[in-house]
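What follows is a single structure, written as structure tokens, with notes after it.
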Amino acid sequence: MEEMKGPKLTDEQFFGECLDLDREDLKETGAWAGQGDYKKARHAFAEHVRQSLQPDRFFTIPFEWPENIFFYPNESEEEIADRVCTGELISCGTPCRFGDHVDWFANPTYNKYAEWTWQLSRHNEWKILARVYRKTGDEKYARACADLFESWVKQAVCPEDAEGFQTLCWRTIECGIRMGANWPYVLYSFYRSPAFTDDVLVDWYKSAYEHGVRLHDHHMSGNWLIMEMNGLAHISILYPEFKKAKEWHAFAFQMLGEELKKQIYPDGFQYELSTGYHDVVINNFQRLIRTARAFEVEVPELFYQILEKAAEIDVKLMMPDGRVPDINDGNWKKSAKLLEPKLELFPDNPQLQYVVTDGQKGEEPPYHSCVLPYSGFMVMRTGWEKNATWGLLDCAPFGRGHQHEDKLSFLMHANGKLLLTEGGNYAYDTSKMRDYVLSTRSHNTIQADHMGQNRRRDYSWEEEDIRRKAAMDYGLSEAVDYAEAVYDEGYGEDADKTISHRRAVYFLKSVDQTAPFFVTVDRMKADREHTYELLWHMNEDWAQLQGRRTVTKNLTIFT
């Protein structure tokens, strides 16, 4: 039996079931298909594509570098494109020299890191080929991209009923990224190139249709769902020839509106409580809004209302050095860089203007310290200057995904530097380093009997949780801020709940002849004697421990 090749849709299925042949601009295509002459139908449809696409609209959308793209140090766009033309591709930081034949199921990593194969099918480098082609007009980039597409679409056959997280090339997160971020730019860059033949264009549209079916029928949840529905919404806007375009449009926009209400706390933080994935969600909405605006598609007002509050999270959490803290599977990115594109959506927001322009425009936020009472974070600061003193106490629930075992962890920035840091993030593998960054021991909180927190074992999420305030006490005043919460959700493999940790942090901002300082008060409660380890991750060579007091230059933390 001959091995199946994609696209899986036959000409008879594509022309007879997938396309709206009642459209005036598809009359010729429909006539040839009705006669069973699919060669001429393919040509007529490809000519329709070449005449109907609207690049003047599409390229009003600002170019966006693909997320998670990897390249060699100092490699220019042209050098990336030239490398890809030779068959050398990079995924997750590891290159592979395929040459003339790319194996889309390959995995050259030493530890068989699954993300390598998955992310290869995001086709980030195709977008760079397209960008360089638009700059140079060199047809070698078009030929390379057409070859890569045909190679992928023939090998990577769309699955029938696989769950969204299954398969190597058709996980629904990759489907959403391809449709909502990379493939549109590729198509609009190359569709009139001789390399994009009738057959390439028809295969492209067949595959886009197969993406639509998969995204509609096998979507997931969390940030994946936002990426999936962004991809489906893009298909509905950019491929209006599909019979299901209107159905998919209504479905995707409805799902996205519902998910905004399900995923964004009333204080603005996305429910995974990761500074990284919080912005992934906003960015996917922004991609869709840009495309909708370019093609004059209405965007629900609800999107803007909730997204503006979400964007302000990158202001509220911002450290004095301008970065957001690395919360859960987050990152230390600059708030200004994250917020700059969001000014397109909210050009009159004075706080976003202030951060993006480094105070040259807009207005300084009308608060210093602030609390996120639903997502459970307390931010304490003396002001918005670069030498301000800043601290963050994590009183948050476990989060909906990408969680670390770090409740009551405390971060601190002062004297122009991050002083109390944490373990950060690591590749999504099964290594000891991944275990470490997820664990309590990589954060600034307490272990009991060498055991870390274990919320993960008994964790569950209910939809109504998004409307519940975090279990924390707090107060804000001109002289002193404080926040307090309890961790009592279990330590160790068995999640021993007989041990609880209560932490209060006091921020004394105005004490005569004394620099601002923090006082942390930790109380442990248990039914028997235990050994406790108080963990502080210091980002200073000269930090010293003096008994119960940590001294960092002219700032003191009393514990």
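Here's how to read the names in the structure tokens: chain A, B, ... by the order shown, residue numbers from 1 in each chain, ligand numbers from 1 in the order shown.
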*Among the residues of region 146-184 of chain A, find those DSSP assigns to helix (DSSP H, G or I) from the backbone and print them as an MDAnalysis selection string.*
chainID A and resid 146:155 172:184
*Excluding same-chain residues fewer than 5 positions from region 357-371 of chain A, what lies within 8 Å of it counting only C-alpha atoms, as a PyMOL selection string?*
chain A and resi 316+336+349-352+376-384+474+476+481
*Shell around region 75-83 of chain A at 8 Å using only C-alpha atoms, local window under 2 positions removed, as a VMD selection string*: chain A and resid 71 to 73 85 to 89 125 128 to 129 132 141
With N, CA, C and O atoms retained, write the just-selected residues as a short mmCIF file (atom, residue, chain, number, x, y, z; two decimals), in the first residue's frame.
data_model
loop_
_atom_site.label_atom_id
_atom_site.label_comp_id
_atom_site.auth_asym_id
_atom_site.auth_seq_id
_atom_site.Cartn_x
_atom_site.Cartn_y
_atom_site.Cartn_z
N PHE A 71 18.65 31.78 15.62
CA PHE A 71 19.62 32.00 14.55
C PHE A 71 20.99 32.16 15.17
O PHE A 71 21.14 32.34 16.39
N TYR A 72 22.01 32.08 14.34
CA TYR A 72 23.38 32.20 14.83
C TYR A 72 23.66 33.63 15.30
O TYR A 72 23.03 34.58 14.82
N PRO A 73 24.62 33.80 16.23
CA PRO A 73 24.95 35.15 16.70
C PRO A 73 25.32 36.07 15.54
O PRO A 73 26.09 35.69 14.65
N CYS A 85 18.06 28.35 2.59
CA CYS A 85 18.09 27.87 1.20
C CYS A 85 19.00 26.65 1.03
O CYS A 85 18.80 25.86 0.12
N THR A 86 19.98 26.51 1.92
CA THR A 86 20.88 25.36 1.83
C THR A 86 20.33 24.15 2.58
O THR A 86 20.97 23.09 2.59
N GLY A 87 19.18 24.30 3.23
CA GLY A 87 18.60 23.19 3.97
C GLY A 87 19.07 23.08 5.39
O GLY A 87 18.89 22.04 6.03
N GLU A 88 19.66 24.16 5.94
CA GLU A 88 20.08 24.14 7.34
C GLU A 88 19.05 24.93 8.15
O GLU A 88 18.91 26.14 7.99
N LEU A 89 18.33 24.23 9.01
CA LEU A 89 17.27 24.83 9.81
C LEU A 89 17.64 24.76 11.28
O LEU A 89 18.38 23.85 11.72
N GLU A 125 11.23 30.16 9.96
CA GLU A 125 12.23 30.58 8.98
C GLU A 125 11.62 30.83 7.60
O GLU A 125 12.18 31.58 6.81
N ILE A 128 11.09 34.46 7.32
CA ILE A 128 12.30 35.24 7.02
C ILE A 128 12.63 35.14 5.53
O ILE A 128 13.05 36.12 4.90
N LEU A 129 12.43 33.96 4.94
CA LEU A 129 12.59 33.84 3.48
C LEU A 129 11.68 34.85 2.78
O LEU A 129 12.10 35.53 1.83
N VAL A 132 12.96 38.54 3.20
CA VAL A 132 14.12 38.85 2.37
C VAL A 132 13.71 38.88 0.89
O VAL A 132 14.23 39.69 0.11
N TYR A 141 14.67 32.58 -3.03
CA TYR A 141 13.98 32.48 -1.75
C TYR A 141 12.57 31.94 -1.95
O TYR A 141 12.07 31.16 -1.13
#
*Report as a list in words: the residues of region 333-379 of chain A with a DSSP assignment of strand (DSSP E), based on the backbone of this structure.*
Cys370, Val371, Leu372, Phe377, Met378 and Val379 of chain A
*Two-atom distance - CA of Leu302 (chain A), CA of Ile235 (chain A) (Å)*: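 CA of Leu302 (chain A) sits 21.5 Å away from CA of Ile235 (chain A).
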*Counting only C-alpha atoms, the residue of A:Arg456, A:Leu168, A:Arg50, A:Asn444 that sits nearest Asn107 (chain A)*: A:Leu168
*Hey, what's within 8 Å of Val315 (chain A) if we count only C-alpha atoms and toss same-chain stuff fewer than 3 positions away? As a PyMOL selection string, please?*
chain A and resi 311-312+318+335+351-352+355
The selected residues should be written to file as an mmCIF file, in the first residue's frame (atoms: C-alpha atoms).
data_model
loop_
_atom_site.group_PDB
_atom_site.id
_atom_site.type_symbol
_atom_site.label_atom_id
_atom_site.label_comp_id
_atom_site.auth_asym_id
_atom_site.auth_seq_id
_atom_site.Cartn_x
_atom_site.Cartn_y
_atom_site.Cartn_z
ATOM 1 C CA ALA A 311 -1.675 45.511 29.021
ATOM 2 C CA GLU A 312 -1.379 47.664 32.157
ATOM 3 C CA MET A 318 7.578 46.731 36.234
ATOM 4 C CA SER A 335 8.107 46.464 29.675
ATOM 5 C CA GLN A 351 0.575 54.948 31.426
ATOM 6 C CA LEU A 352 1.558 52.911 28.396
ATOM 7 C CA VAL A 355 6.637 53.470 29.934
#
*Rank A:Tyr271, A:Phe14, A:Phe410, A:Phe59 by their smallest atom-to-atom distance to Ala41 (chain A), using only C-alpha atoms, and report the top residue only.*
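Smallest separation from Ala41 (chain A) among the options: A:Phe14.
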*Long-range neighbours of Ile327 (chain A) as a ChimeraX atom specification, 8 Å cut-off, only C-alpha atoms, 6 positions minimum in chain*: /A:273-276
_Among listed residues A:Thr430, A:Glu67, A:His537, A:Asp161, nearest Asn111 (chain A) (using only C-alpha atoms)_ =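 Going through A:Thr430, A:Glu67, A:His537, A:Asp161 one by one, the smallest distance to Asn111 (chain A) is for A:Thr430.
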_Spatial neighbours of Asp435 (chain A), 12 Å, only C-alpha atoms, chain gap at least 5 places, as a list in words_ =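 Surrounding residues, per the criterion: Gln403, His404, Glu405, Gly423, Gly424, Asn425, Tyr426, Ala427, Tyr428, Asp429, Thr430, Thr440, Arg441, Ser442 and Gly452 of chain A.
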_Neighbour list for Lys246 (chain A) as a VMD selection string, cut-off 9 Å, only C-alpha atoms, skip fewer than 6 positions in-chain_ = chain A and resid 236 to 237 240
Save the residues we just selected, N, CA and C atoms, as a PDB file, in the first residue's frame?
ATOM      1  N   SER A 236     -10.577  32.500   8.640  1.00  0.00           N
ATOM      2  CA  SER A 236     -11.910  32.990   8.269  1.00  0.00           C
ATOM      3  C   SER A 236     -11.844  34.336   7.552  1.00  0.00           C
ATOM      4  N   ILE A 237     -10.839  35.133   7.867  1.00  0.00           N
ATOM      5  CA  ILE A 237     -10.693  36.457   7.238  1.00  0.00           C
ATOM      6  C   ILE A 237      -9.944  36.366   5.919  1.00  0.00           C
ATOM      7  N   PRO A 240     -11.724  33.706   2.434  1.00  0.00           N
ATOM      8  CA  PRO A 240     -13.188  33.815   2.380  1.00  0.00           C
ATOM      9  C   PRO A 240     -13.827  32.854   1.385  1.00  0.00           C
TER      10      PRO A 240
END
*Find the distance between CA of Phe196 (chain A) and CA of Arg287 (chain A) and write it in Å to one decimal.*
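For CA of Phe196 (chain A) relative to CA of Arg287 (chain A), the distance reads 25.3 Å.
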*asked:* Can you measure CA of Lys244 (chain A) to CA of Gln119 (chain A) for me? One decimal in Å is fine.
replied: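 Between CA of Lys244 (chain A) and CA of Gln119 (chain A) the gap works out to 27.9 Å.
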